[in-house]
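K.L.:
Please find entry.csv (CSV, C-alpha atoms) on the next line:
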```csv
chain,number,residue,atom,x,y,z
A,22,MET,CA,122.9,97.4,114.5
A,23,PHE,CA,122.2,95.8,117.9
A,24,SER,CA,124.9,93.9,119.7
A,25,VAL,CA,125.8,92.8,123.2
A,26,ASP,CA,129.3,92.5,124.8
A,27,LEU,CA,129.0,89.8,127.5
A,28,ASP,CA,132.4,90.6,128.9
A,29,SER,CA,131.9,94.4,129.4
A,30,ALA,CA,128.1,94.1,129.9
A,31,GLU,CA,127.5,96.7,127.2
A,32,LEU,CA,124.5,96.8,124.9
A,33,PHE,CA,124.8,98.8,121.6
A,34,LEU,CA,121.5,100.2,120.4
A,35,TYR,CA,122.7,101.7,117.1
A,36,ASP,CA,119.6,101.7,115.0
A,37,ASP,CA,116.0,102.5,114.8
A,38,ILE,CA,113.7,100.9,117.4
A,39,GLY,CA,111.3,98.5,115.7
A,40,PRO,CA,110.9,94.9,114.3
A,41,ALA,CA,114.1,92.8,114.2
A,42,TRP,CA,112.9,91.3,110.9
A,43,LEU,CA,113.3,94.8,109.4
A,44,GLY,CA,116.8,95.0,110.7
A,45,MET,CA,115.9,97.3,113.7
A,46,VAL,CA,116.4,97.0,117.4
A,47,ASP,CA,113.4,95.3,119.0
A,48,ASP,CA,112.4,94.8,122.7
A,49,ALA,CA,112.7,91.0,122.5
A,50,SER,CA,116.3,91.2,121.5
A,51,VAL,CA,117.1,93.6,124.3
A,52,ILE,CA,115.3,91.5,126.9
A,53,ASP,CA,117.1,88.4,125.7
A,54,ALA,CA,120.5,90.2,126.0
A,55,LEU,CA,119.7,91.4,129.5
A,56,ALA,CA,118.9,87.8,130.5
A,57,GLN,CA,122.3,86.7,129.1
A,58,LEU,CA,124.0,89.2,131.4
A,59,LYS,CA,122.5,87.5,134.4
A,60,GLY,CA,122.1,90.4,136.8
A,61,LYS,CA,125.3,92.2,135.8
A,62,ARG,CA,125.2,96.0,135.8
A,63,VAL,CA,124.7,97.0,132.2
A,64,THR,CA,125.8,100.0,130.1
A,65,ALA,CA,123.4,100.6,127.2
A,66,ARG,CA,124.9,102.7,124.4
A,67,ILE,CA,122.5,104.6,122.2
A,68,ASN,CA,122.8,106.2,118.7
A,69,SER,CA,119.3,106.0,117.3
A,70,ASN,CA,116.6,108.1,115.6
A,71,GLY,CA,114.0,106.3,117.7
A,72,GLY,CA,111.0,104.5,116.1
A,73,ASP,CA,108.3,102.3,117.6
A,74,MET,CA,106.9,103.9,120.8
A,75,PHE,CA,105.5,100.7,122.3
A,76,MET,CA,108.9,99.0,121.9
A,77,GLY,CA,110.6,102.0,123.4
A,78,VAL,CA,108.3,101.8,126.5
A,79,SER,CA,109.0,98.0,126.7
A,80,ILE,CA,112.8,98.5,126.6
A,81,HIS,CA,112.5,101.4,129.1
A,82,ASN,CA,110.6,99.1,131.5
A,83,ALA,CA,113.0,96.2,130.9
A,84,PHE,CA,115.9,98.5,131.9
A,85,LYS,CA,114.1,99.6,135.0
A,86,ARG,CA,113.5,96.1,136.3
A,87,HIS,CA,116.9,94.6,135.4
A,88,PRO,CA,118.2,93.4,138.8
A,89,GLY,CA,121.8,94.5,138.1
A,90,GLY,CA,120.8,98.0,137.1
A,91,VAL,CA,121.3,99.8,133.8
A,92,ASP,CA,123.2,102.9,133.0
A,93,THR,CA,122.5,104.6,129.6
A,94,VAL,CA,124.9,106.5,127.4
A,95,VAL,CA,124.1,108.7,124.4
A,96,ASP,CA,127.0,108.1,122.1
A,97,GLY,CA,125.5,110.3,119.4
A,98,LEU,CA,121.7,110.8,119.3
A,99,ALA,CA,118.8,109.6,121.3
A,100,ALA,CA,115.7,110.8,119.5
A,101,SER,CA,112.0,110.0,120.0
A,102,ALA,CA,111.5,106.5,121.3
A,103,ALA,CA,115.3,106.2,121.9
A,104,SER,CA,115.2,109.1,124.3
A,105,MET,CA,112.5,107.2,126.3
A,106,ILE,CA,115.0,104.4,126.5
A,107,PHE,CA,117.8,106.8,127.6
A,108,ALA,CA,115.6,108.1,130.4
A,109,ALA,CA,115.5,104.6,132.0
A,110,GLY,CA,119.1,104.7,133.0
A,111,GLU,CA,120.1,105.0,136.6
A,112,LYS,CA,123.1,107.0,135.4
A,113,ARG,CA,122.6,108.8,132.1
A,114,LEU,CA,125.7,110.0,130.4
A,115,ILE,CA,125.7,111.9,127.1
A,116,ALA,CA,128.6,112.6,124.8
A,117,LYS,CA,129.6,116.3,124.9
A,118,ASN,CA,128.6,116.5,121.2
A,119,GLY,CA,125.5,114.3,121.7
A,120,SER,CA,121.8,115.2,121.3
A,121,VAL,CA,118.5,114.1,122.7
A,122,MET,CA,115.0,114.8,121.2
A,123,ILE,CA,111.6,114.4,122.8
A,124,HIS,CA,108.2,114.7,121.1
A,125,ASN,CA,104.7,113.5,121.2
A,126,ALA,CA,103.7,110.1,119.8
A,127,SER,CA,103.3,110.3,116.0
A,128,SER,CA,102.1,107.8,113.4
A,129,LEU,CA,101.4,107.1,109.7
A,130,PHE,CA,97.8,106.1,109.4
A,131,TYR,CA,95.5,105.2,106.6
A,132,GLY,CA,91.7,105.2,106.9
A,133,ASN,CA,88.5,107.2,106.7
A,134,GLY,CA,87.8,110.5,108.5
A,135,GLN,CA,86.2,109.0,111.5
A,136,GLU,CA,89.0,106.4,111.9
A,137,MET,CA,91.6,109.2,111.6
A,138,ILE,CA,89.9,111.2,114.3
A,139,LYS,CA,89.8,108.2,116.6
A,140,TRP,CA,93.4,107.4,116.0
A,141,GLY,CA,94.4,111.1,116.6
A,142,GLU,CA,92.6,110.9,119.9
A,143,ASN,CA,94.5,107.8,120.8
A,144,LEU,CA,97.8,109.5,120.0
A,145,VAL,CA,96.9,112.4,122.3
A,146,LYS,CA,96.2,109.9,125.1
A,147,LEU,CA,99.4,108.0,124.5
A,148,SER,CA,101.5,111.3,124.5
A,149,ALA,CA,99.9,112.4,127.8
A,150,GLY,CA,100.3,108.9,129.3
A,151,SER,CA,103.1,106.5,128.2
A,152,VAL,CA,105.3,109.1,126.6
A,153,LEU,CA,105.1,111.8,129.3
A,154,GLU,CA,105.5,109.2,132.1
A,155,SER,CA,108.8,108.0,130.6
A,156,TYR,CA,110.4,111.4,131.4
A,157,THR,CA,108.7,112.7,134.6
A,158,ASP,CA,110.8,110.6,137.0
A,159,VAL,CA,114.1,112.1,135.7
A,160,MET,CA,113.4,115.6,134.4
A,161,ASN,CA,113.4,118.4,137.0
A,162,LEU,CA,110.4,120.0,135.5
A,163,ASP,CA,106.7,119.6,136.2
A,164,ALA,CA,104.4,117.5,133.9
A,165,GLU,CA,102.9,120.6,132.3
A,166,LYS,CA,106.3,122.0,131.3
A,167,ILE,CA,107.5,118.6,130.0
A,168,GLY,CA,104.2,118.3,128.0
A,169,ALA,CA,104.9,121.7,126.4
A,170,LEU,CA,108.4,120.5,125.4
A,171,LEU,CA,106.8,117.3,123.9
A,172,ASP,CA,104.3,119.5,122.0
A,173,ALA,CA,107.2,121.6,120.5
A,174,GLU,CA,109.4,118.6,119.5
A,175,THR,CA,112.4,119.7,121.6
A,176,TRP,CA,116.1,119.0,120.7
A,177,PHE,CA,118.6,119.2,123.6
A,178,THR,CA,122.3,119.7,123.4
A,179,ALA,CA,124.4,117.8,126.0
A,180,LYS,CA,124.4,120.7,128.4
A,181,GLU,CA,120.7,121.3,127.9
A,182,ALA,CA,119.9,117.6,128.6
A,183,LEU,CA,122.0,117.9,131.8
A,184,ASP,CA,120.2,121.1,132.9
A,185,VAL,CA,116.7,119.6,132.7
A,186,GLY,CA,117.7,116.3,134.3
A,187,LEU,CA,117.6,114.0,131.2
A,188,ALA,CA,121.3,113.4,131.6
A,189,THR,CA,123.2,113.0,134.8
A,190,GLU,CA,126.7,113.6,133.4
A,191,ILE,CA,128.4,114.8,130.2
A,192,GLY,CA,131.2,112.6,128.9
A,193,ASN,CA,134.2,113.3,126.7
A,194,VAL,CA,133.2,110.9,123.9
A,195,VAL,CA,133.6,112.3,120.4
A,196,THR,CA,131.5,110.3,117.9
A,197,THR,CA,129.4,110.9,114.8
A,198,PRO,CA,125.7,111.1,115.5
A,199,VAL,CA,123.5,109.0,113.3
A,200,ALA,CA,122.1,111.1,110.4
A,201,VAL,CA,118.4,112.1,110.6
A,202,ALA,CA,116.6,111.9,107.2
A,203,VAL,CA,115.2,115.1,105.9
A,204,GLY,CA,111.5,115.4,106.7
A,205,ARG,CA,111.5,112.7,109.4
A,206,PHE,CA,111.0,115.2,112.2
A,207,ARG,CA,109.8,118.9,112.3
A,208,ASN,CA,112.7,120.6,114.0
A,209,THR,CA,115.8,118.6,113.3
A,210,PRO,CA,119.0,120.7,113.8
A,211,GLU,CA,120.7,121.2,110.4
A,212,ASN,CA,123.9,119.6,111.6
A,213,LEU,CA,122.1,116.3,112.1
A,214,LEU,CA,120.3,116.2,108.8
A,215,GLY,CA,121.5,113.6,106.2
A,216,PRO,CA,120.2,111.6,103.3
A,217,ALA,CA,118.4,108.3,104.0
A,218,LYS,CA,120.3,105.4,102.5
A,219,ALA,CA,118.4,102.2,101.8
A,220,GLY,CA,119.8,99.3,103.8
A,221,SER,CA,122.2,101.5,105.8
A,222,ARG,CA,121.0,100.0,109.1
A,223,THR,CA,122.6,96.7,108.2
A,224,ARG,CA,126.0,98.2,107.3
A,225,VAL,CA,126.7,100.5,110.2
A,226,GLU,CA,130.3,100.5,111.2
A,227,THR,CA,131.0,103.1,113.9
A,228,LEU,CA,134.3,103.7,115.6
A,229,ILE,CA,133.9,105.4,119.0
A,230,LYS,CA,136.0,106.1,122.0
A,231,LEU,CA,134.1,104.4,124.8
A,232,ALA,CA,133.2,106.6,127.8
A,233,LYS,CA,133.4,105.2,131.2
A,234,PHE,CA,131.4,106.2,134.2
A,235,LYS,CA,133.3,107.8,137.1
```
I need this file expressed as structure tokens, please.
P.N.:
Amino acid sequence: MFSVDLDSAELFLYDDIGPAWLGMVDDASVIDALAQLKGKRVTARINSNGGDMFMGVSIHNAFKRHPGGVDTVVDGLAASAASMIFAAGEKRLIAKNGSVMIHNASSLFYGNGQEMIKWGENLVKLSAGSVLESYTDVMNLDAEKIGALLDAETWFTAKEALDVGLATEIGNVVTTPVAVAVGRFRNTPENLLGPAKAGSRTRVETLIKLAKFK
């Protein structure tokens, strides 16, 4: 689900990041929504497993250049590309039971051995470049330490996200994080695991208590 509330200037990124024609949240939709808000300060609410890295970078950069400024909120989960989007917020609030995950770029790829080697080299470059740079401005760690956390696929609780600078504030929102399909990531905490349901992204109905920035 992706939606925009023009009155409250809130964006809801409650789905995987990827092509809109597959029912996901894409960069074009987010950029169009920002344009509709005409320079208002925006609150972007996130509950997402992540997805397409390049769209994550594009949305991250769109938030950074929005003239009214963008604050980001983890209502449940900001994993993978969604955590790159979360990191773009000027203020970055996370629900007290929320989670953030960062990791290196990954991909499904089909090809011969040489093609796979080349694609693997490209993924390493992307991780050391676009992915790493999305976090260095906000995390209070040097690039080498952030790189090690990316290598390890690191999951942060709200307090841990605050401690390393990913979040600037912990809110009192109580919501249900989006389920992470078994096998999608290496180190998913057990409390976040759930079955993948076909078509579920088009039927998301989530009730939350909205957090407000102080």
K.L.:
Using all atoms listed in the file, pick whichever of A:Leu187, A:Ile123, A:Ala173, A:Met76 has the shortest atom-to-atom distance to Thr93 in chain A.
P.N.:
A:Leu187
K.L.:
Counting all atoms listed in the file, which of A:Ala108, A:Ala41, A:Ala188, A:Val25 gets nearest to Leu55 in chain A?
P.N.:
A:Val25
K.L.:
Point out the residue among A:Asp96, A:Val91, A:Leu58, A:Asp184 with the least atom-to-atom distance to Leu34 in chain A, counting all atoms listed in the file.
P.N.:
A:Asp96
K.L.:
Can you tell me how far CA of Val121 in chain A sits from CA of Ala99 in chain A, in Å to one decimal?
P.N.:
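That distance, rounded to one decimal, is 4.7 Å.
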K.L.:
One decimal, Å: what's the distance from CA of Asp158 in chain A over to CA of Ala109 in chain A, could you say?
P.N.:
9.1 Å
K.L.:
Would you mind listing what lies within 10 Å of range 159-170 of chain A as number ranges by chain, with all atoms listed in the file counted and same-chain residues fewer than 6 positions away left out?
P.N.:
A: 108-111, 113, 122-125, 148-149, 152-153, 176, 182-189
K.L.:
Measure the distance from CA of Gly119 in chain A to CA of Glu174 in chain A in Å and round it to one decimal.
P.N.:
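CA of Glu174 in chain A lies at a distance of 16.8 Å from CA of Gly119 in chain A.
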K.L.:
May I have the residues within 12 Å of Arg86 in chain A as a ChimeraX atom specification, using only C-alpha atoms and disregarding those fewer than 2 positions away in the same chain?
P.N.:
/A:52,55-56,60,62-63,79-84,88-91,109-111
K.L.:
When distances are computed from all atoms listed in the file, which of A:Ser101, A:Thr64, A:Met74, A:Ala179 shows the smallest separation from His87 in chain A?
P.N.:
A:Thr64
K.L.:
Restricting the calculation to all atoms listed in the file: of A:Ser24, A:Thr209, A:Lys117, A:Thr175, which residue gets closest to Ser50 in chain A?
P.N.:
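Among the listed residues, A:Ser24 lies closest to Ser50 in chain A.
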K.L.:
What are the centre and the three edge lengths of an axis-aligned box that wraps all atoms of range 34-44 of chain A in the file, given that 5 Å is added to every side, written as JSON and rounded to one decimal in Å?
P.N.:
```
{"center_x": 116.8, "center_y": 96.9, "center_z": 114.9, "size_x": 21.8, "size_y": 21.2, "size_z": 21.0}
```
